[in-house]
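**Student:** Let me begin by handing over the structure; questions about it come next.
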Amino acid sequence: MTIDQLLEEHRIRREAIAPASIQAALSRARSDLTTAESMLDRDPRWAFSIAYHAVLQASRALMFRHGFRPASHESHANTFAYLRCAVGDEKQSLVAFFDRMRVKRHQAVYESADSITKTEAEALIAQAQEFIAWVAEAVTE
């Protein structure tokens, strides 16, 4: 899939995004990550969900920086579809990991309340830390 295909399928759209909105999404990602870290021992399932949200917000910041916004229908899936097209080979495995965590988070929130382990939450938090730092550099270039 390419960015042009995502545009043609109306999964993303071009939009001029104000720099303040880009920074707000990145700030939210950092704040959510801090919250996830603080929740880890009390509730790994929610720590996982919050860490996922941090990744989603950082991903949106990157999309915004490039002048795109996900369609509102299936916006999470569309955000990760965009990332697969927009990031280099060195980040593809990380994006694939996050997309798998998107599905797992959906299952944990909407289907099975006890399906997230502390180890899984820790792994997502660690990957989120790396990704958010990378996005922060990318959006300030």
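Identifiers in this document derive from the order of the structure tokens: chains are assigned A, B, ..., residues are numbered from 1 separately in each chain, and ligands are numbered from 1 in order of occurrence.
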For region 1-105 of chain A versus region 114-127 of chain A, which residues have an atom no more than 10 Å away, and what is each residue's nearest atom pair and distance in Å rounded to one decimal, using only C-alpha atoms, chain-then-number order, as JSON lines?

**Tutor:**
{"residue": "A:Leu33", "atom": "CA", "partner": "A:Ile125", "partner_atom": "CA", "distance": 7.1}
{"residue": "A:Thr34", "atom": "CA", "partner": "A:Ile125", "partner_atom": "CA", "distance": 9.4}
{"residue": "A:Ala36", "atom": "CA", "partner": "A:Ile125", "partner_atom": "CA", "distance": 7.4}
{"residue": "A:Glu37", "atom": "CA", "partner": "A:Ile125", "partner_atom": "CA", "distance": 7.1}
{"residue": "A:Met39", "atom": "CA", "partner": "A:Ala121", "partner_atom": "CA", "distance": 9.9}
{"residue": "A:Leu40", "atom": "CA", "partner": "A:Lys118", "partner_atom": "CA", "distance": 7.0}
{"residue": "A:Asp41", "atom": "CA", "partner": "A:Lys118", "partner_atom": "CA", "distance": 7.7}
{"residue": "A:Arg42", "atom": "CA", "partner": "A:Lys118", "partner_atom": "CA", "distance": 9.7}
{"residue": "A:Asp43", "atom": "CA", "partner": "A:Lys118", "partner_atom": "CA", "distance": 8.2}
{"residue": "A:Pro44", "atom": "CA", "partner": "A:Lys118", "partner_atom": "CA", "distance": 5.0}
{"residue": "A:Arg45", "atom": "CA", "partner": "A:Ile116", "partner_atom": "CA", "distance": 5.3}
{"residue": "A:Trp46", "atom": "CA", "partner": "A:Ala121", "partner_atom": "CA", "distance": 8.6}
{"residue": "A:Ala47", "atom": "CA", "partner": "A:Ala121", "partner_atom": "CA", "distance": 6.3}
{"residue": "A:Phe48", "atom": "CA", "partner": "A:Ala121", "partner_atom": "CA", "distance": 4.6}
{"residue": "A:Ser49", "atom": "CA", "partner": "A:Ala121", "partner_atom": "CA", "distance": 8.3}
{"residue": "A:Ile50", "atom": "CA", "partner": "A:Ile125", "partner_atom": "CA", "distance": 9.1}
{"residue": "A:Ala51", "atom": "CA", "partner": "A:Ile125", "partner_atom": "CA", "distance": 5.7}
{"residue": "A:Tyr52", "atom": "CA", "partner": "A:Leu124", "partner_atom": "CA", "distance": 7.3}
{"residue": "A:Ala54", "atom": "CA", "partner": "A:Ile125", "partner_atom": "CA", "distance": 9.1}
{"residue": "A:Val55", "atom": "CA", "partner": "A:Gln127", "partner_atom": "CA", "distance": 8.9}
{"residue": "A:Leu94", "atom": "CA", "partner": "A:Gln127", "partner_atom": "CA", "distance": 7.6}
{"residue": "A:Phe97", "atom": "CA", "partner": "A:Leu124", "partner_atom": "CA", "distance": 8.7}
{"residue": "A:Phe98", "atom": "CA", "partner": "A:Leu124", "partner_atom": "CA", "distance": 8.0}
{"residue": "A:Met101", "atom": "CA", "partner": "A:Leu124", "partner_atom": "CA", "distance": 7.8}
{"residue": "A:Lys104", "atom": "CA", "partner": "A:Ile116", "partner_atom": "CA", "distance": 8.1}
{"residue": "A:Arg105", "atom": "CA", "partner": "A:Ile116", "partner_atom": "CA", "distance": 8.3}

**Student:** Write the residues you've just listed into a file as a short mmCIF file (atom, residue, chain, number, x, y, z; two decimals), in the first residue's frame, and include C-alpha atoms for each of them.

**Tutor:**
data_model
loop_
_atom_site.label_atom_id
_atom_site.label_comp_id
_atom_site.auth_asym_id
_atom_site.auth_seq_id
_atom_site.Cartn_x
_atom_site.Cartn_y
_atom_site.Cartn_z
CA LEU A 33 3.54 7.52 28.53
CA THR A 34 4.31 8.93 31.98
CA ALA A 36 1.28 4.41 31.73
CA GLU A 37 4.56 4.00 33.57
CA MET A 39 0.04 2.60 36.36
CA LEU A 40 2.17 -0.43 35.53
CA ASP A 41 2.26 -2.00 38.99
CA ARG A 42 -1.36 -1.16 39.85
CA ASP A 43 -3.09 -2.14 36.63
CA PRO A 44 -1.03 -3.56 33.74
CA ARG A 45 -4.09 -3.69 31.45
CA TRP A 46 -4.69 0.04 31.75
CA ALA A 47 -0.98 0.79 31.61
CA PHE A 48 -0.94 -1.09 28.30
CA SER A 49 -3.95 0.84 26.98
CA ILE A 50 -2.48 4.18 28.00
CA ALA A 51 0.91 3.30 26.46
CA TYR A 52 -0.90 2.34 23.27
CA ALA A 54 0.74 7.41 23.72
CA VAL A 55 1.97 5.64 20.58
CA LEU A 94 8.28 -1.37 15.30
CA PHE A 97 4.55 -4.41 16.63
CA PHE A 98 2.38 -1.39 17.37
CA MET A 101 -0.71 -4.09 20.00
CA LYS A 104 -4.52 -6.67 21.41
CA ARG A 105 -5.62 -3.43 23.07
#

**Student:** Can you pull out every residue within 12 Å of Glu141 (chain A), counting only C-alpha atoms, but drop anything in the same chain fewer than 2 positions away, and send it as a list in words?

**Tutor:**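 What passes the distance filter is Leu62, Arg65, His66, Trp134, Val135, Ala136, Glu137, Ala138 and Val139 of chain A.
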
**Student:** Considering only C-alpha atoms, state which residue in the set A:His73, A:His53, A:Arg100, A:Lys91 is at the smallest distance from Ser31 (chain A).

**Tutor:**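 Distance minimum relative to Ser31 (chain A) lands on A:His53.
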
**Student:** Report the distance between CA of Glu8 (chain A) and CA of Ser59 (chain A) in Å, rounded to one decimal place.

**Tutor:**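 Taking CA of Glu8 (chain A) and CA of Ser59 (chain A), their separation equals 20.7 Å.
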